[in-house]
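Participant: The structure file structure15.txt (compact mmCIF, C-alpha atoms) is provided below.
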# COMPACT_ATOMS: atom_id res chain seq x y z
CA MET B 133 -13.56 15.12 17.97
CA ILE B 134 -10.45 13.01 17.35
CA GLY B 135 -7.86 13.05 20.13
CA VAL B 136 -4.20 12.82 19.02
CA LEU B 137 -1.08 12.05 21.04
CA VAL B 138 2.06 13.45 19.40
CA VAL B 139 5.33 11.67 20.23
CA ASP B 140 8.60 13.17 18.95
CA ASP B 141 11.91 14.07 20.54
CA SER B 142 12.10 17.33 18.59
CA VAL B 143 10.46 20.32 20.27
CA VAL B 144 10.13 22.00 16.87
CA ILE B 145 8.27 19.01 15.40
CA ARG B 146 5.99 18.67 18.43
CA ARG B 147 5.02 22.31 18.26
CA MET B 148 4.50 22.25 14.51
CA LEU B 149 2.34 19.13 14.62
CA SER B 150 0.32 20.43 17.55
CA ALA B 151 -0.38 23.74 15.84
CA VAL B 152 -1.39 22.15 12.54
CA LEU B 153 -3.54 19.42 14.05
CA ASP B 154 -5.29 21.72 16.54
CA ASP B 155 -6.17 24.04 13.67
CA ASP B 156 -8.41 21.34 12.19
CA PRO B 157 -11.90 21.46 13.74
CA GLU B 158 -12.13 17.66 13.89
CA LEU B 159 -8.80 17.15 15.67
CA GLU B 160 -7.46 17.89 19.14
CA VAL B 161 -3.93 17.24 20.41
CA VAL B 162 -4.63 15.74 23.84
CA GLY B 163 -0.95 15.46 24.76
CA THR B 164 2.67 15.32 23.63
CA ALA B 165 5.68 13.24 24.66
CA ALA B 166 9.42 13.51 23.98
CA ASN B 167 10.02 9.74 23.81
CA GLY B 168 8.23 6.44 23.79
CA ARG B 169 8.53 5.78 27.50
CA ILE B 170 6.77 9.02 28.38
CA ALA B 171 4.11 8.27 25.78
CA LEU B 172 3.39 4.82 27.22
CA ASP B 173 3.02 6.32 30.69
CA LYS B 174 0.54 8.91 29.38
CA LEU B 175 -1.65 6.60 27.33
CA PRO B 176 -3.95 5.37 30.15
CA GLN B 177 -4.80 8.92 31.22
CA LEU B 178 -5.00 10.61 27.81
CA ARG B 179 -6.86 7.80 25.98
CA PRO B 180 -6.12 9.22 22.50
CA ASP B 181 -7.92 8.06 19.37
CA VAL B 182 -4.65 7.98 17.41
CA VAL B 183 -0.91 8.24 18.11
CA VAL B 184 1.57 10.00 15.81
CA LEU B 185 4.87 8.32 16.69
CA ASP B 186 8.38 9.38 15.75
CA VAL B 187 10.59 6.52 14.54
CA GLU B 188 13.97 7.57 15.96
CA MET B 189 13.96 8.78 19.58
CA PRO B 190 16.17 8.42 22.68
CA VAL B 191 15.19 6.30 25.71
CA LEU B 192 12.60 4.27 23.75
CA ASP B 193 12.35 4.54 19.97
CA GLY B 194 9.24 4.20 17.87
CA VAL B 195 9.51 0.52 17.02
CA ALA B 196 10.20 -0.50 20.64
CA THR B 197 7.35 1.74 21.81
CA LEU B 198 4.97 0.13 19.32
CA ARG B 199 5.92 -3.37 20.46
CA GLU B 200 5.13 -2.46 24.07
CA LEU B 201 1.95 -0.60 23.11
CA ARG B 202 0.26 -3.22 20.94
CA PRO B 203 -0.56 -5.89 23.59
CA ALA B 204 -2.57 -3.37 25.63
CA TYR B 205 -3.94 -1.35 22.70
CA PRO B 206 -4.29 -3.78 19.77
CA THR B 207 -6.62 -1.59 17.67
CA LEU B 208 -5.31 1.90 18.48
CA PRO B 209 -4.26 3.58 15.20
CA VAL B 210 -0.57 4.46 15.20
CA ILE B 211 0.99 6.54 12.42
CA MET B 212 4.78 6.54 12.23
CA PHE B 213 6.48 9.88 11.51
CA SER B 214 9.59 8.88 9.58
CA THR B 215 12.63 10.50 8.01
CA LEU B 216 13.16 9.92 4.29
CA THR B 217 16.47 8.11 4.80
CA GLU B 218 17.50 4.48 4.45
CA ARG B 219 17.72 4.14 8.22
CA GLY B 220 14.35 5.82 8.69
CA ALA B 221 12.75 3.74 5.94
CA THR B 222 14.08 0.49 7.40
CA ALA B 223 12.81 1.39 10.87
CA THR B 224 9.43 2.37 9.41
CA LEU B 225 9.08 -0.98 7.66
CA ASP B 226 9.98 -2.65 10.97
CA ALA B 227 7.25 -0.62 12.63
CA LEU B 228 4.68 -1.59 10.00
CA ALA B 229 5.59 -5.24 10.54
CA ALA B 230 5.16 -4.70 14.29
CA GLY B 231 1.65 -3.33 13.88
CA ALA B 232 1.84 0.33 12.88
CA SER B 233 -1.24 1.42 10.94
CA ASP B 234 0.51 3.73 8.49
CA TYR B 235 3.32 6.25 8.17
CA VAL B 236 4.10 9.74 6.91
CA THR B 237 7.55 10.97 5.98
CA LYS B 238 8.81 14.12 7.66
CA PRO B 239 9.44 17.25 5.61
CA SER B 240 13.08 17.19 4.60
CA ARG B 241 13.58 20.86 5.46
CA VAL B 242 11.75 21.68 8.67
CA ALA B 243 13.16 25.23 8.51
CA ASN B 244 10.70 25.86 5.66
CA VAL B 245 7.70 26.24 7.93
CA ALA B 246 5.10 26.89 5.25
CA ALA B 247 6.09 23.84 3.21
CA SER B 248 6.20 21.67 6.33
CA ILE B 249 2.72 22.75 7.36
CA ASP B 250 1.36 22.04 3.89
CA ARG B 251 2.90 18.56 3.90
CA VAL B 252 1.31 17.73 7.26
CA LYS B 253 -2.08 19.02 6.18
CA ASP B 254 -2.00 17.11 2.89
CA GLU B 255 -0.63 13.79 4.13
CA LEU B 256 -1.03 13.32 7.87
CA ILE B 257 -4.48 14.75 8.56
CA PRO B 258 -6.35 12.62 5.96
CA LYS B 259 -4.68 9.48 7.27
CA ILE B 260 -5.62 10.29 10.87
CA LYS B 261 -9.25 10.78 9.92
CA ALA B 262 -9.45 7.70 7.69
CA LEU B 263 -7.91 5.40 10.30
CA VAL B 264 -10.07 6.65 13.15
CA HIS B 265 -13.28 6.60 11.14
CA ALA B 266 -12.51 3.05 10.00
CA ARG B 267 -11.97 1.99 13.62
CA ARG B 268 -15.24 3.53 14.77
CA GLY B 269 -17.40 1.30 12.63
CA PRO B 270 -18.12 -0.23 9.21
CA HIS B 271 -19.35 1.89 6.32
CA GLY B 272 -22.20 -0.50 5.62
CA ALA B 273 -21.73 0.04 1.89
CA GLU B 274 -23.67 -2.23 -0.42
CA VAL B 275 -21.56 -4.91 -2.10
CA ARG B 276 -22.59 -6.06 -5.58
CA LEU B 277 -20.58 -8.93 -7.02
CA ALA B 278 -19.68 -9.09 -10.68
CA SER B 279 -20.17 -12.30 -12.61
CA PRO B 280 -16.82 -13.91 -13.47
CA THR B 281 -16.19 -13.89 -17.21
CA ALA B 282 -12.96 -15.87 -17.43
CA PRO B 283 -12.66 -19.54 -16.44
CA PRO B 284 -9.94 -20.74 -14.04
CA GLY B 285 -6.65 -21.34 -15.81
CA SER B 286 -7.00 -18.48 -18.27
CA VAL B 287 -5.14 -15.92 -16.15
CA GLU B 288 -1.87 -14.63 -17.62
CA ALA B 289 -0.99 -11.93 -15.05
CA ILE B 290 -1.93 -10.76 -11.57
CA ALA B 291 -1.96 -7.03 -10.77
CA ILE B 292 -2.22 -5.95 -7.12
CA GLY B 293 -2.89 -2.48 -5.72
CA CYS B 294 -2.79 -1.39 -2.07
CA SER B 295 -2.09 1.57 0.19
CA THR B 296 -2.85 2.11 3.91
CA GLY B 297 -2.24 -1.20 5.66
CA GLY B 298 -0.91 -2.60 2.40
CA PRO B 299 2.59 -3.71 3.43
CA ASP B 300 1.26 -6.25 5.93
CA ALA B 301 -1.61 -7.34 3.68
CA LEU B 302 0.64 -7.71 0.65
CA THR B 303 3.13 -9.76 2.64
CA THR B 304 0.32 -12.10 3.69
CA VAL B 305 -0.91 -12.54 0.12
CA LEU B 306 2.48 -13.05 -1.52
CA ALA B 307 3.57 -15.46 1.20
CA GLY B 308 0.59 -17.64 0.29
CA LEU B 309 1.39 -17.91 -3.41
CA PRO B 310 3.33 -20.92 -4.73
CA ALA B 311 6.99 -20.65 -5.67
CA GLN B 312 6.21 -22.06 -9.12
CA LEU B 313 3.44 -19.60 -9.97
CA SER B 314 2.92 -19.67 -13.73
CA VAL B 315 2.14 -15.95 -14.14
CA PRO B 316 3.86 -12.66 -13.20
CA VAL B 317 2.65 -10.44 -10.36
CA LEU B 318 2.71 -6.65 -10.77
CA VAL B 319 2.34 -4.53 -7.61
CA VAL B 320 1.60 -0.92 -6.80
CA GLN B 321 1.96 -0.07 -3.11
CA HIS B 322 1.77 3.64 -2.37
CA MET B 323 5.26 4.40 -1.04
CA PRO B 324 7.97 6.98 -1.69
CA PRO B 325 11.32 6.27 -3.38
CA LEU B 326 13.80 4.25 -1.31
CA PHE B 327 10.94 2.76 0.71
CA THR B 328 9.79 0.69 -2.28
CA ARG B 329 13.26 -0.75 -2.87
CA LEU B 330 13.68 -1.74 0.77
CA PHE B 331 10.13 -3.09 0.87
CA ALA B 332 10.73 -5.23 -2.24
CA GLU B 333 13.93 -6.60 -0.69
CA ARG B 334 12.03 -7.46 2.49
CA LEU B 335 9.29 -9.21 0.52
CA ASP B 336 11.91 -11.15 -1.41
CA ARG B 337 13.32 -12.50 1.87
CA ASN B 338 9.91 -13.51 3.21
CA CYS B 339 7.97 -14.82 0.20
CA PRO B 340 8.33 -17.95 -1.98
CA LEU B 341 8.41 -15.91 -5.19
CA PRO B 342 11.36 -13.72 -6.17
CA VAL B 343 10.43 -10.07 -5.59
CA GLN B 344 12.18 -6.99 -6.94
CA GLU B 345 11.62 -3.31 -7.53
CA ALA B 346 10.69 -3.01 -11.20
CA ALA B 347 13.23 -1.56 -13.64
CA ASP B 348 12.47 0.26 -16.88
CA GLY B 349 12.76 -1.94 -19.96
CA GLN B 350 12.79 -5.21 -18.03
CA LEU B 351 11.01 -8.30 -19.36
CA VAL B 352 7.95 -9.42 -17.40
CA GLU B 353 8.39 -13.11 -16.63
CA PRO B 354 6.16 -15.71 -14.96
CA GLY B 355 6.81 -16.57 -11.34
CA ARG B 356 8.24 -13.14 -10.48
CA VAL B 357 6.89 -10.16 -8.54
CA TYR B 358 7.54 -6.60 -9.75
CA VAL B 359 7.00 -3.72 -7.30
CA ALA B 360 6.49 -0.23 -8.75
CA PRO B 361 9.26 2.16 -7.63
CA GLY B 362 8.29 5.19 -5.59
CA ASP B 363 7.53 8.28 -7.69
CA ARG B 364 7.21 6.20 -10.90
CA HIS B 365 4.12 4.83 -12.60
CA LEU B 366 4.44 1.17 -13.58
CA VAL B 367 2.89 0.14 -16.90
CA VAL B 368 3.31 -2.94 -19.08
CA ARG B 369 3.53 -3.04 -22.87
CA LYS B 370 3.99 -5.69 -25.53
CA ARG B 371 7.14 -5.68 -27.57
CA GLY B 372 8.05 -8.40 -30.02
CA GLY B 373 5.68 -10.91 -28.47
CA ARG B 374 6.99 -10.27 -24.96
CA VAL B 375 5.69 -8.05 -22.17
CA VAL B 376 7.99 -5.28 -20.97
CA VAL B 377 8.01 -2.97 -17.93
CA HIS B 378 7.79 0.74 -18.66
CA LEU B 379 8.26 3.33 -15.88
CA THR B 380 6.95 6.84 -16.37
CA THR B 381 6.94 10.18 -14.58
CA GLU B 382 3.58 11.24 -15.96
CA ALA B 383 1.44 13.35 -13.62
CA PRO B 384 0.18 11.66 -10.42
CA GLU B 385 -3.32 10.19 -10.53
CA ASN B 386 -5.48 10.21 -7.42
CA TYR B 387 -2.59 12.22 -5.93
CA CYS B 388 -0.44 9.09 -6.31
CA ARG B 389 2.64 8.11 -8.25
CA PRO B 390 2.79 5.16 -8.63
CA SER B 391 -0.93 4.86 -9.23
CA VAL B 392 -2.97 1.65 -9.26
CA ASP B 393 -5.23 3.08 -11.97
CA VAL B 394 -2.27 3.55 -14.31
CA LEU B 395 -1.08 -0.02 -13.79
CA PHE B 396 -4.56 -1.51 -14.17
CA ARG B 397 -5.23 0.34 -17.43
CA SER B 398 -2.05 -1.02 -18.97
CA VAL B 399 -2.76 -4.53 -17.69
CA ALA B 400 -6.24 -4.39 -19.25
CA SER B 401 -4.71 -3.31 -22.55
CA VAL B 402 -2.01 -6.00 -22.63
CA TYR B 403 -3.76 -8.98 -21.03
CA GLY B 404 -7.46 -8.23 -21.62
CA SER B 405 -9.71 -11.03 -20.35
CA HIS B 406 -6.63 -12.88 -19.06
CA ALA B 407 -5.95 -10.20 -16.41
CA LEU B 408 -6.61 -10.84 -12.72
CA ALA B 409 -6.60 -7.78 -10.45
CA CYS B 410 -6.54 -7.69 -6.68
CA VAL B 411 -7.12 -4.61 -4.52
CA LEU B 412 -6.13 -4.71 -0.87
CA THR B 413 -6.64 -2.29 2.01
CA GLY B 414 -6.10 1.41 1.32
CA MET B 415 -7.66 4.87 1.65
CA GLY B 416 -9.04 6.72 -1.33
CA ARG B 417 -10.28 5.36 -4.67
CA ASP B 418 -7.08 4.63 -6.58
CA GLY B 419 -7.70 1.54 -8.70
CA ALA B 420 -11.45 2.00 -9.19
CA LYS B 421 -11.24 3.46 -12.72
CA GLY B 422 -8.55 0.98 -13.72
CA ALA B 423 -10.73 -1.85 -12.40
CA GLU B 424 -13.49 -0.65 -14.73
CA ARG B 425 -11.10 -1.16 -17.66
CA ILE B 426 -10.14 -4.66 -16.52
CA HIS B 427 -13.79 -5.59 -15.98
CA ALA B 428 -14.78 -4.21 -19.39
CA ALA B 429 -11.99 -6.26 -20.99
CA GLY B 430 -13.37 -9.43 -19.40
CA GLY B 431 -10.82 -9.74 -16.61
CA ARG B 432 -11.55 -10.49 -12.96
CA ILE B 433 -11.10 -8.44 -9.78
CA ILE B 434 -10.78 -9.74 -6.23
CA VAL B 435 -10.87 -7.29 -3.32
CA GLN B 436 -10.21 -7.48 0.41
CA ASP B 437 -13.28 -7.24 2.65
CA GLU B 438 -14.02 -4.40 5.06
CA ALA B 439 -13.60 -6.43 8.24
CA THR B 440 -9.94 -7.27 7.56
CA SER B 441 -8.98 -3.98 5.88
CA VAL B 442 -7.22 -1.24 7.81
CA VAL B 443 -9.11 1.24 5.63
CA TRP B 444 -11.79 0.05 3.19
CA GLY B 445 -11.49 2.89 0.72
CA MET B 446 -9.85 1.39 -2.37
CA PRO B 447 -11.39 -2.09 -2.16
CA GLY B 448 -14.71 -0.67 -1.01
CA ALA B 449 -14.99 1.61 -4.04
CA ILE B 450 -14.64 -1.39 -6.35
CA ALA B 451 -16.97 -3.62 -4.36
CA SER B 452 -19.64 -0.91 -4.21
CA ALA B 453 -19.44 -0.40 -7.98
CA GLY B 454 -20.18 -4.06 -8.66
CA LEU B 455 -16.79 -4.69 -10.26
CA ALA B 456 -15.45 -7.36 -7.89
CA SER B 457 -16.10 -11.03 -8.57
CA GLU B 458 -15.06 -11.86 -4.99
CA VAL B 459 -14.86 -9.86 -1.73
CA LEU B 460 -12.78 -11.89 0.68
CA PRO B 461 -11.09 -11.74 4.09
CA LEU B 462 -7.34 -11.25 3.78
CA PRO B 463 -6.41 -14.84 4.80
CA GLN B 464 -8.46 -16.23 1.88
CA ILE B 465 -7.11 -14.03 -0.91
CA ALA B 466 -3.94 -15.98 -1.76
CA ASP B 467 -5.95 -19.18 -2.20
CA ALA B 468 -8.45 -17.35 -4.40
CA LEU B 469 -5.62 -16.08 -6.61
CA ARG B 470 -4.18 -19.58 -6.85
CA ARG B 471 -7.55 -21.03 -7.84
CA ALA B 472 -8.04 -18.34 -10.46
CA VAL B 473 -4.65 -19.06 -12.01
CA GLY B 474 -5.38 -22.78 -11.80
CA ARG B 475 -2.96 -25.20 -13.43
CA ARG B 476 -2.25 -22.96 -16.37
CA THR B 477 0.95 -23.75 -18.25
CA SER B 478 2.68 -20.52 -19.17
CA THR B 479 3.26 -19.86 -22.87
CA LEU B 480 6.15 -17.57 -21.94
CA LEU B 481 9.71 -18.62 -21.38
CA PRO B 482 10.64 -19.96 -17.93
CA ALA B 483 11.72 -17.41 -15.34
CA SER B 484 15.32 -16.33 -15.66
CA PRO B 485 17.50 -13.52 -14.31
CA PRO B 486 16.09 -10.10 -15.28
CA VAL B 487 16.88 -9.04 -18.83
CA ALA B 488 16.75 -5.42 -19.92
CA VAL B 489 15.62 -4.25 -23.32
CA PRO B 490 15.84 -0.68 -24.61
CA ALA B 491 13.54 1.70 -22.71
CA LEU B 492 10.30 2.53 -24.44
CA GLY B 493 9.47 6.08 -25.33
CA GLY B 494 6.18 7.92 -25.08
CA SER B 495 3.68 8.06 -22.23
CA TRP B 496 0.84 5.89 -21.09
Spell out the structure here as structure tokens.
Facilitator:
Amino acid sequence: MIGVLVVDDSVVIRRMLSAVLDDDPELEVVGTAANGRIALDKLPQLRPDVVVLDVEMPVLDGVATLRELRPAYPTLPVIMFSTLTERGATATLDALAAGASDYVTKPSRVANVAASIDRVKDELIPKIKALVHARRGPHGAEVRLASPTAPPGSVEAIAIGCSTGGPDALTTVLAGLPAQLSVPVLVVQHMPPLFTRLFAERLDRNCPLPVQEAADGQLVEPGRVYVAPGDRHLVVRKRGGRVVVHLTTEAPENYCRPSVDVLFRSVASVYGSHALACVLTGMGRDGAKGAERIHAAGGRIIVQDEATSVVWGMPGAIASAGLASEVLPLPQIADALRRAVGRRTSTLLPASPPVAVPALGGSW
């Protein structure tokens, strides 16, 4: 049984969450609190396995609560319950930087009870279970390394996929890459619209490379990082000898849009054996099928190891399938990417301000 502490200043939300979570046979709401101060006082007695924490509350908000909670409970999973607003998104990113495990956005119309319940069941419950199961012990899955097929210096693009725990992991990796990186970096982090723009802006402030939310029709240039927008698949295509971003609203894959699989397939098609993929922490299997394409094309895949992953779903699926050439702790991944790129001199034009070309039609 998984014990959950629900913290929210709204009586309606507390009751809804409690009813939905208690209805699951694996979950039990062991307590509720109307603000962070009450929650902190209850933690020693309730000893929950996971905390669902509202972002905006009186007395002590979610971010402040998390900062007080973490020294005493460094491994306790905490899922932020956030509004889909710029203020809520900013606070949620602050919480993730302060040690939150993951987040779920609140239903925009809580008056629609049926829709709200479905959203909680589909999004919150799987994350609770994945985080708690990951904390309770390693999967012990067999890791089979793939033989590298491309020599250092042959990489022309890096593609990164991540989900649960990804914002912190991605920040660590990008911060370790050189400002004069000779290849572009394409990123899919599972996030909704608005969140991805604010996240890209935050990365841009904290990383040596320029980071931006990708725009449809934009040229892909070396030394730049392109983050897939929420609710859009990011693919790359060749046009006139250059590589161009294409954003699509094709159906979600692995329940995700953007999807890592979609990005990886396009990267395999455009860059072939010169593609370097990296899969960081995340629940589910998004990226596994795309990694097969990159591996078959002769490209390389590096994944984060289980010990440093918040959830070892996405990287674990690739490692278990024998598709990863390296399985590394998070602190070593940036160096591994740098070594793989080597001292390659880009054949593309030097980085310049983003240039748009006409949007491409069709679907990927």
Participant: Would you compute the box with edges along x, y and z of the file around range 388-406 of chain B, including every atom the file lists for it and 5 Å extra on each side, and give its centre and edge lengths in Å to one decimal, as lines of an AutoDock Vina configuration file?
Facilitator:
center_x = -3.5
center_y = -1.9
center_z = -14.5
size_x = 22.5
size_y = 32.0
size_z = 26.3
Participant: Could you check how far CA of Asn167 in chain B sits from CA of Arg334 in chain B, in Å to one decimal?
Facilitator: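 Computing the Euclidean distance for CA of Asn167 in chain B and CA of Arg334 in chain B yields 27.5 Å.
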Participant: As a short mmCIF file (atom, residue, chain, number, x, y, z; two decimals) with C-alpha atoms, in the frame of the given file, please: the residues near range 193-204 of chain B (cut-off 8 Å, all atoms listed in the file, same-chain neighbours under 4 positions excluded).
Facilitator:
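Written file, part_14.cif:
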data_model
loop_
_atom_site.label_atom_id
_atom_site.label_comp_id
_atom_site.auth_asym_id
_atom_site.auth_seq_id
_atom_site.Cartn_x
_atom_site.Cartn_y
_atom_site.Cartn_z
CA ASN B 167 10.02 9.74 23.81
CA GLY B 168 8.23 6.44 23.79
CA ARG B 169 8.53 5.78 27.50
CA LEU B 172 3.39 4.82 27.22
CA LEU B 185 4.87 8.32 16.69
CA ASP B 186 8.38 9.38 15.75
CA VAL B 187 10.59 6.52 14.54
CA GLU B 188 13.97 7.57 15.96
CA MET B 189 13.96 8.78 19.58
CA LEU B 208 -5.31 1.90 18.48
CA MET B 212 4.78 6.54 12.23
CA ALA B 223 12.81 1.39 10.87
CA THR B 224 9.43 2.37 9.41
CA ASP B 226 9.98 -2.65 10.97
CA ALA B 227 7.25 -0.62 12.63
CA ALA B 230 5.16 -4.70 14.29
CA GLY B 231 1.65 -3.33 13.88
CA ALA B 232 1.84 0.33 12.88
#
Participant: From the options B:Asp250, B:Asp140, B:Asp181, B:Glu345, which residue's atoms come nearest to Thr215 in chain B, counting all atoms listed in the file?
Facilitator: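 Residue with the minimum atom-to-atom distance to Thr215 in chain B: B:Asp140.
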Participant: What does the structure give for the distance between CA of Arg397 in chain B and CA of Ala383 in chain B, in Å to one decimal?
Facilitator: 15.1 Å
Participant: Can you pull out every residue within 6 Å of range 454-463 of chain B, counting only C-alpha atoms, but drop anything in the same chain fewer than 2 positions away, and send it as a short mmCIF file (atom, residue, chain, number, x, y, z; two decimals) with C-alpha atoms, in the coordinates of the input?
Facilitator:
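Listed below is the output, part.cif:
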data_model
loop_
_atom_site.label_atom_id
_atom_site.label_comp_id
_atom_site.auth_asym_id
_atom_site.auth_seq_id
_atom_site.Cartn_x
_atom_site.Cartn_y
_atom_site.Cartn_z
CA ARG B 276 -22.59 -6.06 -5.58
CA LEU B 277 -20.58 -8.93 -7.02
CA ALA B 278 -19.68 -9.09 -10.68
CA SER B 279 -20.17 -12.30 -12.61
CA PRO B 280 -16.82 -13.91 -13.47
CA ILE B 433 -11.10 -8.44 -9.78
CA ILE B 434 -10.78 -9.74 -6.23
CA VAL B 435 -10.87 -7.29 -3.32
CA GLN B 436 -10.21 -7.48 0.41
CA ASP B 437 -13.28 -7.24 2.65
CA THR B 440 -9.94 -7.27 7.56
CA ILE B 450 -14.64 -1.39 -6.35
CA ALA B 451 -16.97 -3.62 -4.36
CA SER B 452 -19.64 -0.91 -4.21
CA ILE B 465 -7.11 -14.03 -0.91
#
Participant: Choose the residue, out of B:Gly293, B:Gly355, B:Gly448, B:Gly308, that has the smallest atom-to-atom separation from Val275 in chain B; count all atoms listed in the file.
Facilitator: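 That would be B:Gly448, the residue with the smallest distance to Val275 in chain B.
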